[in-house]
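Engineer: Sharing a structure below in structure tokens format, with a few things to ask.
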Number of protein chains: 2
Amino acid sequence: MRDRPSRTPSFSVDLVLVTAVGNALAVLLTRTTGDRERWSLPWRVPQAGEALDTAAARISQEALGEAPSWMEQAGAFGDGKRHPSDADVSVAYVGLVPHETASPRAGFTWFQLAELPQLSPRQRAMVDGATKTIQGRLDQAPIAFRLLPATFTLSELQQMYELLLGKRLHKASFRRALQGAWLVEPTDEWRSEGRGRPAQLYRYLPKKRRRAHRGLRFDFLYP
Amino acid sequence: MRDRPSRTPSFSVDLVLVTAVGNALAVLLTRTTGDRERWSLPWRVPQAGEALDTAAARISQEALGEAPSWMEQAGAFGDGKRHPSDADVSVAYVGLVPHETASPRAGFTWFQLAELPQLSPRQRAMVDGATKTIQGRLDQAPIAFRLLPATFTLSELQQMYELLLGKRLHKASFRRALQGAWLVEPTDEWRSEGRGRPAQLYRYLPKKRRRAHRGLRFDFLYP
DNA sequence: TGACTTTAGTCGCAGAAAGTGACTAATTCG
DNA sequence: CGAATTAGTCACTTTCTGCGACTAAAGTCA
């Protein structure tokens, strides 16, 4: 338990900031100085003694001027070499940001997930890992609300879930499940959006309730 | 994106090897040389250029002489200071091992999860994170089988799920769900275990099937 | 103005899934 | 042999889900 390689390995903290713009997810990238058309995730080598979460929050502050509305570690990535730094390992964090209130600092740009420029292989793996983390958390915590502004229509909420899940949902079923979860509260405001009946605005406001103690589900695809 | 602290940070790879002994989970610890009664998780500072997964597999090899039947990264831990090494960050891996076939090398001992000796704060957090990782994967992949020997009775399988989930399951419901999942195949062997009717032995053998496309579930405890 | 389109929101049924107790089967113990 | 114990199954009830059809409130356009 005490071997030491000749060179002490180093690590970085990288941030995958995600927002929903229109009908797609987008990731915040920064232009790497020097090279021609090269982009990278925001990253830092943390100061010695700095906690990982703190470092991630600081990176978000530098890129957006604010903390994400939700953030979580997405794991350590060390296999694909070639990081913007020479770090042997990079710890990735995923953060969610509502697009309406997010204003990136100069040099930072939102890229749609389907139209990402080339990244280092490791950062590319981080983006993939981040989307997996988001999808995995989706049925464990109400993170979809973190991509929406403070008030929203139920159709917007449903579209957000459809975007994150990558599949269509039935309107009535969606609202029934939502009602059973006691997660939203109607405001007394309505929004008229072009044609069609105006939609009522809701806000995220979970109410205490006991955990539904469902049984076991073998609902995975094995490997 | 290019600040550098004076001292380059370092990291370690730590392993939380889990097995099920009797009616409890157990974790493999090793006695730290030197100090009096001190224990720690198996860990290493990986060689420069070594992939994280490879390092974890090597640590398992050194501790058990074999690879776990399932292993996954449980994240990077850097907040609680005081690691056996001086590493700023430690990448934790969880591994599952069937107890019947596992024979730890000298110096390594299984400790029941409820009776762990004192560990460094960071490694203590890793053990907690590892159990969370296991529970989180339980409904996404058939990892309970990885703690059982090659053949097992359905009662043993149910007890394993009850142990991992921390709650009792109804026998009929459990078997109904299991049947729907096409995960096990009966062998032609039976095992008589003291009194009571002998139980048929099964083996893990998933069969192809299409993914159940269930709808949305708001089945979490917010926040 | 009035028919038509569009989006929001609700209802109710049919089928599937889950919770549960009671039943049968095969063995050991006394 | 009968009681106790564990395995395995069945049938009934309750709950949940997929889904189509319905009403409501706006805009569009002749």
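Residues are referred to by chain and number: the chain letter is A, B, ... according to the order shown in the structure tokens, the number counts from 1 in that chain, and ligands are numbered separately from 1 in the order shown.
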Can you work out which residues from chain D touch chain A at a cut-off of 10 Å (counting only C-alpha atoms (C1' of nucleotides)) and hand them back as a list in words?

Structural biologist: DC16, DT17, DG18, DC19, DA24, DA25, DA26, DG27 and DT28 of chain D

Engineer: Write out as a ChimeraX atom specification the residues lying within 10 Å of Glu50 (chain B), counting only C-alpha atoms (C1' of nucleotides) and excluding same-chain residues fewer than 3 positions away.

Structural biologist: /A:78-79,88 /B:45-47,53-55

Engineer: Specify as a ChimeraX atom specification all residues of chain A found within 8 Å of chain B, counting only C-alpha atoms.

Structural biologist: /A:1-5,7-11,42-52,73-79,85,88,91,139-142,169,174,177-178,180-181,206,211-212,215-223

Engineer: Output C-alpha atoms of each residue in that selection to a file, as a PDB file, in the first residue's frame.

Structural biologist:
```
ATOM      1  CA  MET A   1       0.000   0.000   0.000  1.00  0.00           C
ATOM      2  CA  ARG A   2       2.839   2.431  -0.266  1.00  0.00           C
ATOM      3  CA  ASP A   3       4.415   2.315  -3.667  1.00  0.00           C
ATOM      4  CA  ARG A   4       5.059   5.649  -5.300  1.00  0.00           C
ATOM      5  CA  PRO A   5       5.570   6.251  -8.998  1.00  0.00           C
ATOM      6  CA  ARG A   7       6.111  11.388 -10.988  1.00  0.00           C
ATOM      7  CA  THR A   8       3.290  12.293  -8.617  1.00  0.00           C
ATOM      8  CA  PRO A   9       0.030  12.062 -10.549  1.00  0.00           C
ATOM      9  CA  SER A  10      -2.117  15.155 -10.800  1.00  0.00           C
ATOM     10  CA  PHE A  11      -5.805  15.787 -11.350  1.00  0.00           C
ATOM     11  CA  PRO A  42     -14.470  24.664 -18.057  1.00  0.00           C
ATOM     12  CA  TRP A  43     -11.826  23.139 -15.789  1.00  0.00           C
ATOM     13  CA  ARG A  44      -9.294  23.937 -13.104  1.00  0.00           C
ATOM     14  CA  VAL A  45      -6.583  22.275 -11.146  1.00  0.00           C
ATOM     15  CA  PRO A  46      -7.906  22.836  -7.636  1.00  0.00           C
ATOM     16  CA  GLN A  47      -5.825  24.535  -5.042  1.00  0.00           C
ATOM     17  CA  ALA A  48      -4.188  22.188  -2.569  1.00  0.00           C
ATOM     18  CA  GLY A  49      -6.620  21.434   0.217  1.00  0.00           C
ATOM     19  CA  GLU A  50      -9.628  22.700  -1.703  1.00  0.00           C
ATOM     20  CA  ALA A  51     -12.679  20.450  -1.518  1.00  0.00           C
ATOM     21  CA  LEU A  52     -13.869  19.048  -4.831  1.00  0.00           C
ATOM     22  CA  GLN A  73     -20.236  14.620  -9.243  1.00  0.00           C
ATOM     23  CA  ALA A  74     -20.259  12.433 -12.337  1.00  0.00           C
ATOM     24  CA  GLY A  75     -17.165  10.440 -11.514  1.00  0.00           C
ATOM     25  CA  ALA A  76     -13.445  10.420 -12.156  1.00  0.00           C
ATOM     26  CA  PHE A  77     -12.147  10.034 -15.694  1.00  0.00           C
ATOM     27  CA  GLY A  78      -8.640   8.921 -16.355  1.00  0.00           C
ATOM     28  CA  ASP A  79      -8.536   6.542 -19.261  1.00  0.00           C
ATOM     29  CA  SER A  85      -4.083  20.020 -18.751  1.00  0.00           C
ATOM     30  CA  ASP A  88      -3.752  12.035 -15.132  1.00  0.00           C
ATOM     31  CA  VAL A  91     -13.114  14.664 -11.709  1.00  0.00           C
ATOM     32  CA  ASP A 139     -36.264   9.058 -11.510  1.00  0.00           C
ATOM     33  CA  GLN A 140     -34.611   9.617  -8.141  1.00  0.00           C
ATOM     34  CA  ALA A 141     -34.847  13.360  -7.732  1.00  0.00           C
ATOM     35  CA  PRO A 142     -36.908  16.108  -9.340  1.00  0.00           C
ATOM     36  CA  LEU A 169     -45.146  10.922 -22.788  1.00  0.00           C
ATOM     37  CA  PHE A 174     -47.967  12.558 -17.080  1.00  0.00           C
ATOM     38  CA  ALA A 177     -48.296  10.926 -12.035  1.00  0.00           C
ATOM     39  CA  LEU A 178     -47.374  14.520 -11.326  1.00  0.00           C
ATOM     40  CA  GLY A 180     -49.711  11.932  -7.186  1.00  0.00           C
ATOM     41  CA  ALA A 181     -46.232  13.220  -6.463  1.00  0.00           C
ATOM     42  CA  PRO A 206     -42.896  19.721  -3.107  1.00  0.00           C
ATOM     43  CA  ARG A 211     -42.290   7.364   0.508  1.00  0.00           C
ATOM     44  CA  ALA A 212     -44.247   5.074  -1.764  1.00  0.00           C
ATOM     45  CA  GLY A 215     -41.979  -3.571  -4.338  1.00  0.00           C
ATOM     46  CA  LEU A 216     -39.188  -4.884  -6.447  1.00  0.00           C
ATOM     47  CA  ARG A 217     -38.868  -4.180 -10.132  1.00  0.00           C
ATOM     48  CA  PHE A 218     -36.730  -6.279 -12.436  1.00  0.00           C
ATOM     49  CA  ASP A 219     -37.116  -3.596 -15.014  1.00  0.00           C
ATOM     50  CA  PHE A 220     -33.622  -3.322 -16.326  1.00  0.00           C
ATOM     51  CA  LEU A 221     -31.971  -4.676 -19.374  1.00  0.00           C
ATOM     52  CA  TYR A 222     -29.412  -7.003 -17.915  1.00  0.00           C
ATOM     53  CA  PRO A 223     -26.129  -7.068 -19.168  1.00  0.00           C
TER      54      PRO A 223
END
```

Engineer: As a list of chain:residue names, could you give me every residue of chain C near chain B (at most 12 Å apart, counting only C-alpha atoms (C1' of nucleotides))?

Structural biologist: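 That gives C:DA16, C:DA17, C:DA18, C:DG19, C:DT20, C:DG21, C:DA22, C:DT24, C:DA25, C:DA26, C:DT27, C:DT28, C:DC29 for chain C.
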
Engineer: Once chain B is best-fit onto chain A by all Cα atoms in order, what RMSD in Å is left?

Structural biologist: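 Fitting chain B to chain A over paired C-alpha atoms yields 0.1 Å.
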
Engineer: When DSSP is applied to the backbone of this structure, which of region 7-105 of chain A are assigned strand (DSSP E)? Write them out as a PyMOL selection string.

Structural biologist: chain A and resi 11-21+24-31+39-40+43-44+70-77+89-96

Engineer: Apply DSSP to the backbone of this structure and, from region 51-132 of chain A, keep only the residues in helix (DSSP H, G or I); write these as a PDB file with N, CA and C atoms, in the first residue's frame.

Structural biologist:
```pdb
ATOM      1  N   LEU A  52     -13.475  19.202  -3.431  1.00  0.00           N
ATOM      2  CA  LEU A  52     -13.869  19.048  -4.831  1.00  0.00           C
ATOM      3  C   LEU A  52     -15.128  19.845  -5.138  1.00  0.00           C
ATOM      4  N   ASP A  53     -16.138  19.735  -4.266  1.00  0.00           N
ATOM      5  CA  ASP A  53     -17.380  20.460  -4.499  1.00  0.00           C
ATOM      6  C   ASP A  53     -17.134  21.961  -4.566  1.00  0.00           C
ATOM      7  N   THR A  54     -16.270  22.421  -3.693  1.00  0.00           N
ATOM      8  CA  THR A  54     -15.956  23.846  -3.678  1.00  0.00           C
ATOM      9  C   THR A  54     -15.289  24.271  -4.975  1.00  0.00           C
ATOM     10  N   ALA A  55     -14.367  23.455  -5.429  1.00  0.00           N
ATOM     11  CA  ALA A  55     -13.694  23.772  -6.687  1.00  0.00           C
ATOM     12  C   ALA A  55     -14.691  23.826  -7.830  1.00  0.00           C
ATOM     13  N   ALA A  56     -15.612  22.875  -7.849  1.00  0.00           N
ATOM     14  CA  ALA A  56     -16.611  22.850  -8.925  1.00  0.00           C
ATOM     15  C   ALA A  56     -17.485  24.099  -8.871  1.00  0.00           C
ATOM     16  N   ALA A  57     -17.876  24.489  -7.666  1.00  0.00           N
ATOM     17  CA  ALA A  57     -18.704  25.688  -7.537  1.00  0.00           C
ATOM     18  C   ALA A  57     -17.945  26.922  -8.017  1.00  0.00           C
ATOM     19  N   ARG A  58     -16.656  26.944  -7.727  1.00  0.00           N
ATOM     20  CA  ARG A  58     -15.848  28.093  -8.148  1.00  0.00           C
ATOM     21  C   ARG A  58     -15.751  28.166  -9.662  1.00  0.00           C
ATOM     22  N   ILE A  59     -15.590  27.009 -10.286  1.00  0.00           N
ATOM     23  CA  ILE A  59     -15.504  26.995 -11.751  1.00  0.00           C
ATOM     24  C   ILE A  59     -16.800  27.490 -12.367  1.00  0.00           C
ATOM     25  N   SER A  60     -17.917  27.083 -11.773  1.00  0.00           N
ATOM     26  CA  SER A  60     -19.207  27.559 -12.274  1.00  0.00           C
ATOM     27  C   SER A  60     -19.314  29.066 -12.112  1.00  0.00           C
ATOM     28  N   GLN A  61     -18.863  29.537 -10.988  1.00  0.00           N
ATOM     29  CA  GLN A  61     -18.889  30.982 -10.728  1.00  0.00           C
ATOM     30  C   GLN A  61     -18.095  31.737 -11.797  1.00  0.00           C
ATOM     31  N   GLU A  62     -16.950  31.193 -12.150  1.00  0.00           N
ATOM     32  CA  GLU A  62     -16.115  31.858 -13.135  1.00  0.00           C
ATOM     33  C   GLU A  62     -16.738  31.832 -14.530  1.00  0.00           C
ATOM     34  N   ALA A  63     -17.500  30.792 -14.802  1.00  0.00           N
ATOM     35  CA  ALA A  63     -18.034  30.643 -16.158  1.00  0.00           C
ATOM     36  C   ALA A  63     -19.389  31.323 -16.308  1.00  0.00           C
ATOM     37  N   LEU A  64     -20.181  31.284 -15.261  1.00  0.00           N
ATOM     38  CA  LEU A  64     -21.561  31.764 -15.368  1.00  0.00           C
ATOM     39  C   LEU A  64     -21.854  32.942 -14.436  1.00  0.00           C
ATOM     40  N   HIS A  99     -32.159  27.978 -18.620  1.00  0.00           N
ATOM     41  CA  HIS A  99     -31.577  28.768 -19.705  1.00  0.00           C
ATOM     42  C   HIS A  99     -31.989  30.230 -19.648  1.00  0.00           C
ATOM     43  N   GLU A 100     -33.163  30.484 -19.130  1.00  0.00           N
ATOM     44  CA  GLU A 100     -33.686  31.854 -19.134  1.00  0.00           C
ATOM     45  C   GLU A 100     -32.820  32.796 -18.302  1.00  0.00           C
ATOM     46  N   THR A 101     -32.257  32.299 -17.219  1.00  0.00           N
ATOM     47  CA  THR A 101     -31.540  33.186 -16.306  1.00  0.00           C
ATOM     48  C   THR A 101     -30.030  33.067 -16.428  1.00  0.00           C
ATOM     49  N   LEU A 113     -26.047  19.691 -27.738  1.00  0.00           N
ATOM     50  CA  LEU A 113     -25.414  18.404 -27.506  1.00  0.00           C
ATOM     51  C   LEU A 113     -25.156  17.661 -28.810  1.00  0.00           C
ATOM     52  N   ALA A 114     -26.028  17.867 -29.780  1.00  0.00           N
ATOM     53  CA  ALA A 114     -25.883  17.155 -31.052  1.00  0.00           C
ATOM     54  C   ALA A 114     -24.853  17.830 -31.958  1.00  0.00           C
ATOM     55  N   GLU A 115     -24.407  19.007 -31.600  1.00  0.00           N
ATOM     56  CA  GLU A 115     -23.512  19.752 -32.492  1.00  0.00           C
ATOM     57  C   GLU A 115     -22.250  20.189 -31.762  1.00  0.00           C
ATOM     58  N   PRO A 121     -10.608  13.580 -25.916  1.00  0.00           N
ATOM     59  CA  PRO A 121     -11.361  12.326 -25.707  1.00  0.00           C
ATOM     60  C   PRO A 121     -11.890  12.221 -24.285  1.00  0.00           C
ATOM     61  N   ARG A 122     -11.109  12.658 -23.334  1.00  0.00           N
ATOM     62  CA  ARG A 122     -11.565  12.527 -21.955  1.00  0.00           C
ATOM     63  C   ARG A 122     -12.756  13.429 -21.675  1.00  0.00           C
ATOM     64  N   GLN A 123     -12.712  14.650 -22.181  1.00  0.00           N
ATOM     65  CA  GLN A 123     -13.844  15.542 -21.949  1.00  0.00           C
ATOM     66  C   GLN A 123     -15.071  15.082 -22.709  1.00  0.00           C
ATOM     67  N   ARG A 124     -14.852  14.494 -23.868  1.00  0.00           N
ATOM     68  CA  ARG A 124     -15.972  13.911 -24.608  1.00  0.00           C
ATOM     69  C   ARG A 124     -16.635  12.812 -23.761  1.00  0.00           C
ATOM     70  N   ALA A 125     -15.824  11.986 -23.109  1.00  0.00           N
ATOM     71  CA  ALA A 125     -16.369  10.934 -22.249  1.00  0.00           C
ATOM     72  C   ALA A 125     -17.115  11.544 -21.067  1.00  0.00           C
ATOM     73  N   MET A 126     -16.637  12.673 -20.582  1.00  0.00           N
ATOM     74  CA  MET A 126     -17.314  13.331 -19.462  1.00  0.00           C
ATOM     75  C   MET A 126     -18.703  13.799 -19.853  1.00  0.00           C
ATOM     76  N   VAL A 127     -18.814  14.352 -21.054  1.00  0.00           N
ATOM     77  CA  VAL A 127     -20.127  14.811 -21.507  1.00  0.00           C
ATOM     78  C   VAL A 127     -21.090  13.626 -21.579  1.00  0.00           C
ATOM     79  N   ASP A 128     -20.608  12.521 -22.137  1.00  0.00           N
ATOM     80  CA  ASP A 128     -21.459  11.337 -22.198  1.00  0.00           C
ATOM     81  C   ASP A 128     -21.827  10.858 -20.797  1.00  0.00           C
ATOM     82  N   GLY A 129     -20.834  10.825 -19.914  1.00  0.00           N
ATOM     83  CA  GLY A 129     -21.114  10.413 -18.549  1.00  0.00           C
ATOM     84  C   GLY A 129     -22.095  11.352 -17.861  1.00  0.00           C
ATOM     85  N   ALA A 130     -21.985  12.628 -18.171  1.00  0.00           N
ATOM     86  CA  ALA A 130     -22.884  13.600 -17.554  1.00  0.00           C
ATOM     87  C   ALA A 130     -24.331  13.354 -17.962  1.00  0.00           C
ATOM     88  N   THR A 131     -24.557  13.090 -19.234  1.00  0.00           N
ATOM     89  CA  THR A 131     -25.936  12.840 -19.662  1.00  0.00           C
ATOM     90  C   THR A 131     -26.463  11.559 -19.022  1.00  0.00           C
ATOM     91  N   LYS A 132     -25.603  10.570 -18.867  1.00  0.00           N
ATOM     92  CA  LYS A 132     -26.040   9.354 -18.181  1.00  0.00           C
ATOM     93  C   LYS A 132     -26.385   9.653 -16.728  1.00  0.00           C
TER      94      LYS A 132
END
```

Engineer: I'd like the neighbourhood of DT23 (chain D) as an MDAnalysis selection string, where a residue qualifies if any of its atoms comes within 10 Å (using only C-alpha atoms (C1' of nucleotides)), though same-chain residues fewer than 6 positions away should be ignored.

Structural biologist: chainID C and resid 9:11

Engineer: How far is it from CA of Leu148 (chain A) to CA of Leu96 (chain A), in Å with one decimal?

Structural biologist: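 So the answer is 9.6 Å.
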